Amino acid sequence: MSTYRIQGATGDWEVVIGLEVHAQVTSNSKLFSGSATAFGAEPNSQVSLIDAAMPGMLPVPNRECIRQAVRTGMAIEAQINKWSRFDRKNYFYADLPQGYQISQLYHPIVGEGSLTIDADEKAGIPADKVIGIERIHVEQDAGKLMHDQHPTMSYVDLNRSGVALMEIVSRPDMASPAEAGAYLSKLRTILRYVGSCDGNMDQGSMRADVNVSVRRPGEELGTRTETKNVNSVRFVMQAIEHEASRQVDVLEAGGKIVQETRLFDPTTGSTRSMRSKEDAHDYRYFPDPDLLPLELDDAFLEECRASLPELPDAKRARYVGELGLSAYNAAVLTADVDTFAWFEALLAETASAQGKQPAEVAKQAANWLISEFFGALNKQGKSLEDSPVSHEQAAELLALVGKGTISGSIAKQVLETMFETGDNAGVIVEREGLKQESDTGAIEAKVDEILAANADKVAQYREGKVALFGFFVGQTMKAMAGKGNPQVVNEILKAKLG
Amino acid sequence: MSVDTATVAKIASLARIKVSEAEIEAMVPELNGILAWVEQLGEVDTSQVEPMTAVIPNTLRLRDDVIDADPLTGGDKRDAVLANAPAAEHGFFGVPKVIE
Amino acid sequence: MTELTELGVAQIRDGVAGGDFTAVEVAQAFNANVAAAQEALNAFIIATPEKAIEAAQATDAKRARGEALGKMGGVPIGMKDLFATFDVQTTAASHMLEGFKPQYESTVSQKLWDAGAGMLGKLNLDQFAMGSSNETSYFGNVISPWKRNDGGNAALAPGGSSGGSSSALAARLCPAATGTDTGGSIRQPAAFTGTTGIKPTYGRCSRWGVVAFASSLDQAGPMARSVQDCAIMLEAMAGFDAKDSTSLDLPVPNWEAALSGDMKGKKVGIPKEYRVDGLDEDVSKSWDDGIAWLKDAGAEIVEISLPHTKYALPTYYIIAPAEASSNLARYDGVRYGLRDLPDGANLQDMYAATRAAGFGPEVKRRILIGTYVLSAGFYDAYYTQAQKVRALIAQDFAKAFEQCDVILAPTAPSAAFGLGENVDDPLKMYLNDVFAVPASLAGLPAMSVPAGLNREGLPLGLQVIGKAFDEQGVLNAGLALEQRAQFSAKPEKWW
């Protein structure tokens, strides 16, 4: 149970949140036409006669879009409806050439499912929480209006018109901005794992309509508002916070909440009523007579299921269970497709470079990746995607550490040089003479020198000041320019000091 | 069920057809005549009947996800798309300014 | 030699192929007739004589090179102005689309051009194919070439919505024309003008590029002056189209080759519900004639029952307007067609003004009915109920076809009426399609063939309805009727 409350002047209020997420289905061509879907094309260049709703044009559905919706449904363990159909949602707007959106109201392709958001004490989510998902349906995106190009006209670009969207409708199961944020992040992660949506929120590939209402704890649901097209996790959380407090203010002032569509303004973090959508809509949904019912056969569903990747929760559990990673590391590494893909490539290459099983080197690789490599990337303001060091190069570096060729601290130095020069670790180690010294004879000679030069400290040590051991290690390493194998140094020192 | 002037005005607004009051007045009896006539369908017992979904038994085909596979249904034809536009400017369709 | 414009599709095709005359000669002859009749009949919205000549020249050149000619090689035709034709004005007979030049060609028209046909022009019709008399066209009424034999001079309706097609055929302005049939729009005009037309099974002809009226009902088909000509042209028009989700993925049979008027072993169903009280005596008599002819052709006559017949028209007048109200939402003045932008108008004002100015009264009436029956609170009572009754109507046919191979009925309840006689009462106008609509609702192939003249000297049509996909059965029964009706009447030329 969330303990999130808004403290009003007259007492506490609970927030009830549901999200309708529009996720652009990853496909080459549009839902009902062959035009391309790429982001950022010249205006109206990716528009077919169908997308422009020329007279007599007809829709033919794209198999890939249907497949991705089904795979997404499977990923949230939802009911997959083998019989679904497309309906027309009728309304007039300049970004909607047909005068209707082809969507699915009565028989969506995906029914009831759920996803689990993870406990996050800091964010006020005390335990894992299951968020219900009512349905996923497939529908057409609208075009885009531009208002700032001409003093008296808006311009219409239909490039997006007809691009496939999944509308993923949650139950009103979220009770705090943090839960909504966690839901959206988790959903995004799942979509990216499945490959059904690229999750690029800044390009509009994923956006949420946020339904918010407030109520006194335990009471009936209040009237909700819908804030449209919020396009980042942070904005969703802001919109909820703002909208919930606004509603509390209205109610506490004796007012009523109007069920309406609102718009989020990212510059102020506030919501406002949307003028253009003011009139109550009567969408006159009815089955699209240009399309037959969509019937999926077992072979289709089987392929969808078989092509599903390991999903985030399962992967995280495996990282902990099989690879022995800490819960924290497992969570970090499975949070995104790019991260786990990088990690798994690194792991495979590290294991093979060292002739070991992945589980034997996983911890090393995970720790190094998270604490060393991410830090180094961060310093350069880079992400895994544009990392100047490849996972093959990283694996080579790790193998050098694993085999004892260089020490961990030298590895840091080598990594820095790799970032600067792009050279391979082995080349750098060779060139700069960074190889670790493991030869006992050589180390013994150095240790003898150090002990001889510090006879007083040796005496103190032997009298019981064992903390001095670190001093001898430091001195030896310094004398060896950091290249002495720390383990061997330790062993020899211990033996000689007795 | 029958319609009055307010209902006709509301339908006309939903359908985005501007109608004068005189037109609405004339339409009310006309539409009521037609509606009264179609309402005889209410007599038919359809409690055991599924609504028709396909006129001729046929299944929905799905097409392959290929860009511009058929030039007739593909994109990359801005000129053709804009050719008949009442207001086409800089590659866009122009409409009266919309305030969102 | 007979005048070229008296010839039908088969005769022109064979004559051109055989070198009896050139395709250009044929095109010129029809072009001349089109031009001469335009003022009086108004059958065409625009004539395209140059297109007809161009296609004819191509055919003649092909022949000169010794290449095989297409199924419609050298045949000039009229194109109902509901089919999008590349860069040639396509209006659906509406002010809304005046001046609209599609940058695409409908599948059906393309197939016809590919088969060697040429275009004489774009034929007038009821606006957006909504009407039964061709009186709803923005471009003026089409006049039927027929006159009553009462010595009066009343202008008669050519039927609708394919009224330009039927009038042009009867007046010998073209040997064949395309039609579309949503609730009788091929059959009723054919019956009114003594011509022949077939609406094939829903899905036979692609709807791609045909201005939509009611998607689940719209079906293109040929109109001509003989059953054989319809068979030939239907072969050219039909066929699977991946661009139309409701297109039937079936091979196109060689209907012409399999034509036979021999009805031995066939059962012909006579639906008792079509024998309505007060049925026009002449219509009733022509139906009896038809029954006798098919019996003569060897068929066995069986009485059948289509119990939900009386509900077909009301069902149609819910479903068709509902679909139309949505299909016609795209006419908004943004991307093509009319834009009416009053001073200071916002986007929604522009829509309302554009659609008020662009649509005619009948189109508006149907959009409003359709909007109403789909609106919140009424959807189930009207639309869902209508789709259920529609299922029952289709079931009626399925059961009837367990007892018979084809069904024989009148095409229309009367012969052609005078222009203006029915315009004030939409319901009376709608009743024209009472016999045509049931087959449309069930998606079945159905054709009208001329049966004779009534006492006023006006043609009457007989309708053959067949099982889904059995165009052959329909054409064959049509041929059996045609062979016995010996219909040779034609309107006296007054234009």
# chains A, B, ... in the order shown; residues from 1 in each chain; ligands from 1

$ interface_residues --of "chain B" --to "chain C" --cutoff "6 Å" --atoms "only C-alpha atoms" --output "PyMOL selection string"
chain B and resi 16-18+38+49-52+55+80+84-85+96

$ closest_atom_pairs --of "chain A" --to "chain B" --cutoff "8 Å" --atoms "only C-alpha atoms" --output "CSV"
residue,atom,partner,partner_atom,distance
A:Ser27,CA,B:Asp65,CA,6.8
A:Asn28,CA,B:Asp65,CA,6.0
A:Ser29,CA,B:Ile67,CA,5.1
A:Ser33,CA,B:Thr73,CA,5.7
A:Gly34,CA,B:Gly74,CA,4.2
A:Ser35,CA,B:Gly75,CA,4.1
A:Ala36,CA,B:Ile67,CA,5.5
A:Pro43,CA,B:Gly91,CA,6.1
A:Asn44,CA,B:Arg78,CA,5.7
A:Ser45,CA,B:Asp76,CA,4.9
A:Gln46,CA,B:Gly75,CA,4.7
A:Val47,CA,B:Gly75,CA,4.5
A:Ser48,CA,B:Gly75,CA,4.1
A:Leu49,CA,B:Val81,CA,6.3
A:Ile50,CA,B:Thr73,CA,6.5
A:Ala52,CA,B:Val81,CA,6.8
A:Val60,CA,B:Arg63,CA,6.8
A:Pro61,CA,B:Leu62,CA,5.2
A:Asn62,CA,B:Arg63,CA,4.9
A:Arg63,CA,B:Leu62,CA,4.9
A:Glu64,CA,B:Asp65,CA,5.9
A:Tyr91,CA,B:Leu14,CA,8.0
A:Phe92,CA,B:Arg16,CA,7.9
A:Ala94,CA,B:Val95,CA,7.4
A:His147,CA,B:Lys97,CA,6.7
A:Pro151,CA,B:Lys97,CA,7.9
A:Thr152,CA,B:Lys97,CA,5.3
A:Met153,CA,B:Lys97,CA,4.1
A:Ser154,CA,B:Lys97,CA,4.5
A:Tyr155,CA,B:Gly94,CA,4.7
A:Val156,CA,B:Phe93,CA,4.9
A:Asp157,CA,B:Phe92,CA,5.7
A:Met274,CA,B:Glu100,CA,6.0
A:Arg275,CA,B:Glu100,CA,5.8
A:Ser276,CA,B:Glu100,CA,5.0
A:Lys277,CA,B:Glu100,CA,7.8
A:Asp282,CA,B:Leu14,CA,7.6
A:Leu291,CA,B:Leu60,CA,6.9
A:Leu292,CA,B:Leu60,CA,5.1
A:Pro293,CA,B:Leu60,CA,6.2
A:Leu294,CA,B:Leu60,CA,5.6
A:Glu295,CA,B:Leu60,CA,7.1

$ select_by_dssp --residues "stretch 147-360 of chain A" --states "alpha helix (DSSP H)" --output "PyMOL selection string"
chain A and resi 177-194+233-252+298-306+312-321+327-334+337-354+358-360

$ closest_residue --among "A:Ala23, A:Leu96, A:Ile370, A:Leu311" --to "chain C" --atoms "only C-alpha atoms"
A:Leu96

$ select_by_dssp --residues "chain B" --states "strand (DSSP E)" --output "ChimeraX atom specification"
/B:88-89,92-96

$ residues_around --residues "A:Asn367" --least-positions-apart "6" --cutoff "12 Å" --atoms "only C-alpha atoms" --output "list in words"
Gly324, Leu325, Ser326, Tyr328, Asn329, Ala330, Val332, Leu333, Phe343, Leu347, Val361, Phe373, Phe374, Gly375, Leu398 and Gly408 of chain A

$ write_last_selection --atoms "all heavy atoms" --output "short mmCIF file (atom, residue, chain, number, x, y, z; two decimals), in the first residue's frame"
data_model
loop_
_atom_site.label_atom_id
_atom_site.label_comp_id
_atom_site.auth_asym_id
_atom_site.auth_seq_id
_atom_site.Cartn_x
_atom_site.Cartn_y
_atom_site.Cartn_z
N GLY A 324 25.15 -15.10 -9.82
CA GLY A 324 25.61 -14.70 -8.51
C GLY A 324 25.79 -13.20 -8.34
O GLY A 324 26.55 -12.73 -7.48
N LEU A 325 25.12 -12.42 -9.13
CA LEU A 325 25.25 -10.96 -8.99
C LEU A 325 24.42 -10.48 -7.81
O LEU A 325 23.46 -11.13 -7.40
CB LEU A 325 24.76 -10.24 -10.25
CG LEU A 325 25.40 -10.61 -11.58
CD1 LEU A 325 25.03 -9.57 -12.63
CD2 LEU A 325 26.92 -10.67 -11.45
N SER A 326 24.79 -9.33 -7.30
CA SER A 326 23.98 -8.74 -6.24
C SER A 326 22.66 -8.27 -6.84
O SER A 326 22.58 -8.02 -8.06
CB SER A 326 24.71 -7.54 -5.64
OG SER A 326 24.77 -6.49 -6.60
N TYR A 328 21.32 -5.50 -6.52
CA TYR A 328 21.48 -4.15 -7.07
C TYR A 328 22.10 -4.20 -8.47
O TYR A 328 21.59 -3.60 -9.41
CB TYR A 328 22.36 -3.31 -6.13
CG TYR A 328 22.69 -1.96 -6.72
CD1 TYR A 328 21.77 -0.92 -6.67
CD2 TYR A 328 23.92 -1.73 -7.36
CE1 TYR A 328 22.05 0.31 -7.24
CE2 TYR A 328 24.22 -0.51 -7.93
CZ TYR A 328 23.28 0.52 -7.87
OH TYR A 328 23.56 1.73 -8.44
N ASN A 329 23.20 -4.93 -8.57
CA ASN A 329 23.85 -5.02 -9.88
C ASN A 329 22.92 -5.63 -10.93
O ASN A 329 22.87 -5.18 -12.08
CB ASN A 329 25.12 -5.87 -9.78
CG ASN A 329 26.30 -5.05 -9.25
OD1 ASN A 329 26.13 -3.86 -8.94
ND2 ASN A 329 27.45 -5.67 -9.13
N ALA A 330 22.18 -6.66 -10.52
CA ALA A 330 21.27 -7.31 -11.47
C ALA A 330 20.22 -6.30 -11.94
O ALA A 330 19.88 -6.24 -13.13
CB ALA A 330 20.61 -8.50 -10.81
N VAL A 332 20.49 -3.02 -12.04
CA VAL A 332 21.11 -2.01 -12.90
C VAL A 332 21.33 -2.57 -14.31
O VAL A 332 21.01 -1.93 -15.31
CB VAL A 332 22.45 -1.53 -12.31
CG1 VAL A 332 23.21 -0.68 -13.32
CG2 VAL A 332 22.21 -0.76 -11.02
N LEU A 333 21.85 -3.78 -14.36
CA LEU A 333 22.24 -4.33 -15.66
C LEU A 333 21.03 -4.75 -16.51
O LEU A 333 21.14 -4.86 -17.73
CB LEU A 333 23.18 -5.52 -15.47
CG LEU A 333 24.56 -5.16 -14.88
CD1 LEU A 333 25.39 -6.41 -14.67
CD2 LEU A 333 25.29 -4.18 -15.80
N PHE A 343 26.43 -5.94 -21.39
CA PHE A 343 26.95 -6.79 -20.32
C PHE A 343 27.09 -8.24 -20.80
O PHE A 343 28.10 -8.90 -20.55
CB PHE A 343 26.04 -6.72 -19.10
CG PHE A 343 26.37 -7.75 -18.05
CD1 PHE A 343 27.57 -7.67 -17.34
CD2 PHE A 343 25.50 -8.80 -17.77
CE1 PHE A 343 27.90 -8.63 -16.37
CE2 PHE A 343 25.82 -9.75 -16.82
CZ PHE A 343 27.02 -9.67 -16.12
N LEU A 347 30.40 -10.32 -20.96
CA LEU A 347 30.52 -11.52 -20.15
C LEU A 347 30.98 -12.71 -21.00
O LEU A 347 31.89 -13.45 -20.62
CB LEU A 347 29.16 -11.82 -19.49
CG LEU A 347 29.09 -13.01 -18.55
CD1 LEU A 347 30.07 -12.81 -17.38
CD2 LEU A 347 27.67 -13.17 -18.00
N VAL A 361 33.08 -15.51 -13.96
CA VAL A 361 33.62 -14.16 -14.17
C VAL A 361 32.56 -13.08 -14.11
O VAL A 361 32.84 -11.91 -14.27
CB VAL A 361 34.37 -14.06 -15.53
CG1 VAL A 361 35.61 -14.94 -15.51
CG2 VAL A 361 33.45 -14.44 -16.68
N PHE A 373 33.56 1.13 -15.51
CA PHE A 373 33.30 1.51 -16.90
C PHE A 373 32.23 2.61 -17.00
O PHE A 373 32.38 3.59 -17.71
CB PHE A 373 32.89 0.28 -17.70
CG PHE A 373 32.91 0.50 -19.18
CD1 PHE A 373 34.13 0.67 -19.85
CD2 PHE A 373 31.75 0.55 -19.92
CE1 PHE A 373 34.16 0.88 -21.21
CE2 PHE A 373 31.78 0.76 -21.28
CZ PHE A 373 32.98 0.92 -21.93
N PHE A 374 31.11 2.41 -16.26
CA PHE A 374 30.05 3.44 -16.30
C PHE A 374 30.58 4.77 -15.81
O PHE A 374 30.24 5.83 -16.33
CB PHE A 374 28.84 3.01 -15.46
CG PHE A 374 28.02 1.92 -16.10
CD1 PHE A 374 26.93 1.37 -15.43
CD2 PHE A 374 28.32 1.43 -17.37
CE1 PHE A 374 26.15 0.38 -16.00
CE2 PHE A 374 27.56 0.43 -17.94
CZ PHE A 374 26.48 -0.10 -17.26
N GLY A 375 31.45 4.70 -14.79
CA GLY A 375 32.04 5.92 -14.27
C GLY A 375 32.86 6.63 -15.33
O GLY A 375 32.74 7.85 -15.53
N LEU A 398 39.65 -6.92 -19.11
CA LEU A 398 39.27 -7.72 -17.96
C LEU A 398 40.07 -9.00 -17.90
O LEU A 398 40.45 -9.47 -16.82
CB LEU A 398 37.77 -8.05 -18.02
CG LEU A 398 36.82 -6.98 -17.48
CD1 LEU A 398 35.39 -7.50 -17.48
CD2 LEU A 398 37.23 -6.56 -16.08
N GLY A 408 44.36 -4.44 -10.69
CA GLY A 408 43.13 -3.67 -10.82
C GLY A 408 43.40 -2.18 -10.92
O GLY A 408 42.75 -1.47 -11.68
#

$ interface_residues --of "chain A" --to "chain C" --cutoff "8 Å" --atoms "only C-alpha atoms" --output "PyMOL selection string"
chain A and resi 52-60+90+92-94+97-100+282-286+289-292

$ residues_around --residues "A:Asn490" --least-positions-apart "4" --cutoff "8 Å" --atoms "only C-alpha atoms" --output "list of chain:residue names"
A:Val473, A:Pro486, A:Lys494

$ residues_around --residues "C:Asn153" --least-positions-apart "2" --cutoff "12 Å" --atoms "only C-alpha atoms" --output "MDAnalysis selection string"
chainID C and resid 143:151 155:156 418:419 494

$ atom_distance --atom1 "atom CA of A:Gln247" --atom2 "atom CA of A:Val212"
9.0 Å

$ closest_residue --among "C:Asp241, C:Glu273, C:Glu492, C:Asp114" --to "C:Asp396" --atoms "only C-alpha atoms"
C:Glu273

$ residues_around --residues "stretch 437-441 of chain A" --least-positions-apart "5" --cutoff "10 Å" --atoms "only C-alpha atoms" --output "ChimeraX atom specification"
/A:404-407,446-447,480-489,491-492

$ write_last_selection --atoms "N, CA and C atoms" --output "compact mmCIF listing (two decimals), in the first residue's frame"
# COMPACT_ATOMS: atom_id res chain seq x y z
N GLY A 404 46.00 -11.95 -14.19
CA GLY A 404 47.05 -11.42 -13.34
C GLY A 404 48.11 -10.65 -14.11
N THR A 405 47.85 -10.38 -15.38
CA THR A 405 48.84 -9.65 -16.16
C THR A 405 48.99 -8.22 -15.65
N ILE A 406 47.86 -7.62 -15.31
CA ILE A 406 47.94 -6.29 -14.69
C ILE A 406 47.08 -6.30 -13.43
N SER A 407 47.31 -5.35 -12.60
CA SER A 407 46.52 -5.25 -11.38
C SER A 407 45.28 -4.40 -11.64
N LYS A 446 63.20 -7.20 -3.99
CA LYS A 446 62.70 -5.87 -3.59
C LYS A 446 62.30 -5.86 -2.12
N VAL A 447 61.58 -6.94 -1.70
CA VAL A 447 61.12 -7.01 -0.31
C VAL A 447 62.34 -6.96 0.63
N MET A 480 58.21 -1.00 -6.91
CA MET A 480 58.00 -1.76 -8.15
C MET A 480 57.12 -0.97 -9.13
N ALA A 481 56.95 0.32 -8.87
CA ALA A 481 56.15 1.20 -9.74
C ALA A 481 54.74 0.64 -9.93
N GLY A 482 54.19 0.05 -8.88
CA GLY A 482 52.80 -0.41 -8.92
C GLY A 482 52.58 -1.69 -9.67
N LYS A 483 53.67 -2.28 -10.19
CA LYS A 483 53.48 -3.44 -11.06
C LYS A 483 53.63 -4.79 -10.36
N GLY A 484 53.97 -4.73 -9.08
CA GLY A 484 54.08 -6.00 -8.37
C GLY A 484 52.71 -6.64 -8.17
N ASN A 485 52.69 -7.94 -8.35
CA ASN A 485 51.43 -8.63 -8.13
C ASN A 485 51.10 -8.56 -6.64
N PRO A 486 50.00 -7.87 -6.29
CA PRO A 486 49.74 -7.63 -4.87
C PRO A 486 49.67 -8.93 -4.06
N GLN A 487 49.11 -9.95 -4.67
CA GLN A 487 48.95 -11.20 -3.95
C GLN A 487 50.33 -11.78 -3.59
N VAL A 488 51.21 -11.79 -4.60
CA VAL A 488 52.54 -12.36 -4.39
C VAL A 488 53.32 -11.51 -3.37
N VAL A 489 53.19 -10.20 -3.51
CA VAL A 489 53.85 -9.30 -2.57
C VAL A 489 53.42 -9.61 -1.15
N GLU A 491 52.15 -12.38 0.05
CA GLU A 491 52.61 -13.69 0.51
C GLU A 491 54.08 -13.62 0.95
N ILE A 492 54.89 -12.98 0.12
CA ILE A 492 56.32 -12.94 0.42
C ILE A 492 56.59 -12.13 1.70

$ atom_distance --atom1 "atom CA of C:Ser94" --atom2 "atom CA of C:Val363"
9.3 Å

$ atom_distance --atom1 "atom CA of C:Ser305" --atom2 "atom CA of C:Ile319"
23.6 Å

$ decode --residues "stretch 96-185 of chain A" --atoms "C-alpha atoms" --output "tab-separated table (two decimals), in the first residue's frame"
chain	number	residue	atom	x	y	z
A	96	LEU	CA	-7.13	13.08	-38.87
A	97	PRO	CA	-7.55	12.83	-42.65
A	98	GLN	CA	-10.16	10.08	-42.72
A	99	GLY	CA	-12.42	11.81	-40.24
A	100	TYR	CA	-12.05	8.67	-38.17
A	101	GLN	CA	-9.26	6.81	-36.49
A	102	ILE	CA	-9.10	3.08	-37.08
A	103	SER	CA	-8.79	1.65	-33.60
A	104	GLN	CA	-10.17	-1.25	-31.57
A	105	LEU	CA	-12.89	-0.54	-29.05
A	106	TYR	CA	-15.17	-3.52	-28.84
A	107	HIS	CA	-12.74	-6.38	-29.46
A	108	PRO	CA	-9.12	-5.43	-28.70
A	109	ILE	CA	-6.36	-7.78	-29.72
A	110	VAL	CA	-4.95	-8.05	-26.19
A	111	GLY	CA	-7.04	-8.33	-23.04
A	112	GLU	CA	-6.29	-8.39	-19.34
A	113	GLY	CA	-2.63	-8.54	-18.25
A	114	SER	CA	-0.32	-6.97	-15.68
A	115	LEU	CA	3.17	-5.87	-14.85
A	116	THR	CA	5.02	-5.63	-11.56
A	117	ILE	CA	6.79	-2.52	-10.39
A	118	ASP	CA	9.71	-3.08	-8.07
A	119	ALA	CA	9.93	-2.03	-4.48
A	120	ASP	CA	11.85	1.21	-4.06
A	121	GLU	CA	11.87	2.40	-0.48
A	122	LYS	CA	13.43	5.72	-1.35
A	123	ALA	CA	10.65	6.45	-3.81
A	124	GLY	CA	7.98	5.43	-1.36
A	125	ILE	CA	7.25	2.06	-2.93
A	126	PRO	CA	7.67	-0.26	0.05
A	127	ALA	CA	7.04	-3.52	-1.80
A	128	ASP	CA	6.72	-4.91	-5.31
A	129	LYS	CA	3.31	-4.00	-6.70
A	130	VAL	CA	1.28	-5.54	-9.47
A	131	ILE	CA	-0.32	-2.98	-11.79
A	132	GLY	CA	-3.25	-4.30	-13.80
A	133	ILE	CA	-3.34	-3.73	-17.55
A	134	GLU	CA	-6.83	-3.70	-18.91
A	135	ARG	CA	-6.07	-4.07	-22.59
A	136	ILE	CA	-3.77	-3.34	-25.49
A	137	HIS	CA	-5.25	-2.36	-28.78
A	138	VAL	CA	-3.75	-1.37	-32.10
A	139	GLU	CA	-4.66	1.90	-33.75
A	140	GLN	CA	-3.54	4.57	-36.18
A	141	ASP	CA	-1.56	7.59	-35.12
A	142	ALA	CA	-2.70	11.01	-36.30
A	143	GLY	CA	-0.74	13.58	-38.25
A	144	LYS	CA	0.89	16.63	-36.80
A	145	LEU	CA	-0.19	20.26	-36.71
A	146	MET	CA	2.28	23.10	-36.68
A	147	HIS	CA	1.04	26.41	-35.38
A	148	ASP	CA	4.04	28.65	-35.55
A	149	GLN	CA	4.83	28.73	-39.25
A	150	HIS	CA	2.19	31.16	-40.46
A	151	PRO	CA	0.27	34.03	-38.85
A	152	THR	CA	-3.23	32.78	-39.66
A	153	MET	CA	-2.77	29.15	-40.65
A	154	SER	CA	-1.78	25.92	-39.02
A	155	TYR	CA	0.20	23.53	-41.17
A	156	VAL	CA	-0.61	19.84	-41.42
A	157	ASP	CA	2.09	17.19	-41.81
A	158	LEU	CA	0.72	13.69	-42.30
A	159	ASN	CA	3.99	11.78	-41.95
A	160	ARG	CA	2.80	10.25	-38.72
A	161	SER	CA	-0.72	9.73	-39.99
A	162	GLY	CA	-1.36	6.00	-40.02
A	163	VAL	CA	1.72	4.93	-38.09
A	164	ALA	CA	0.82	1.98	-35.87
A	165	LEU	CA	0.35	2.59	-32.18
A	166	MET	CA	-0.35	0.25	-29.33
A	167	GLU	CA	-2.56	1.79	-26.74
A	168	ILE	CA	-1.74	0.14	-23.44
A	169	VAL	CA	-4.42	0.91	-20.89
A	170	SER	CA	-3.62	0.36	-17.23
A	171	ARG	CA	-6.07	-0.14	-14.43
A	172	PRO	CA	-6.30	2.83	-12.04
A	173	ASP	CA	-3.93	0.93	-9.78
A	174	MET	CA	-1.28	3.54	-9.13
A	175	ALA	CA	-1.40	5.70	-6.03
A	176	SER	CA	1.59	8.01	-6.28
A	177	PRO	CA	3.62	9.82	-8.90
A	178	ALA	CA	6.48	7.45	-8.08
A	179	GLU	CA	4.37	4.40	-8.83
A	180	ALA	CA	3.24	5.90	-12.11
A	181	GLY	CA	6.84	6.71	-12.96
A	182	ALA	CA	7.95	3.20	-12.06
A	183	TYR	CA	5.12	1.71	-14.13
A	184	LEU	CA	6.01	3.77	-17.16
A	185	SER	CA	9.72	2.95	-16.84
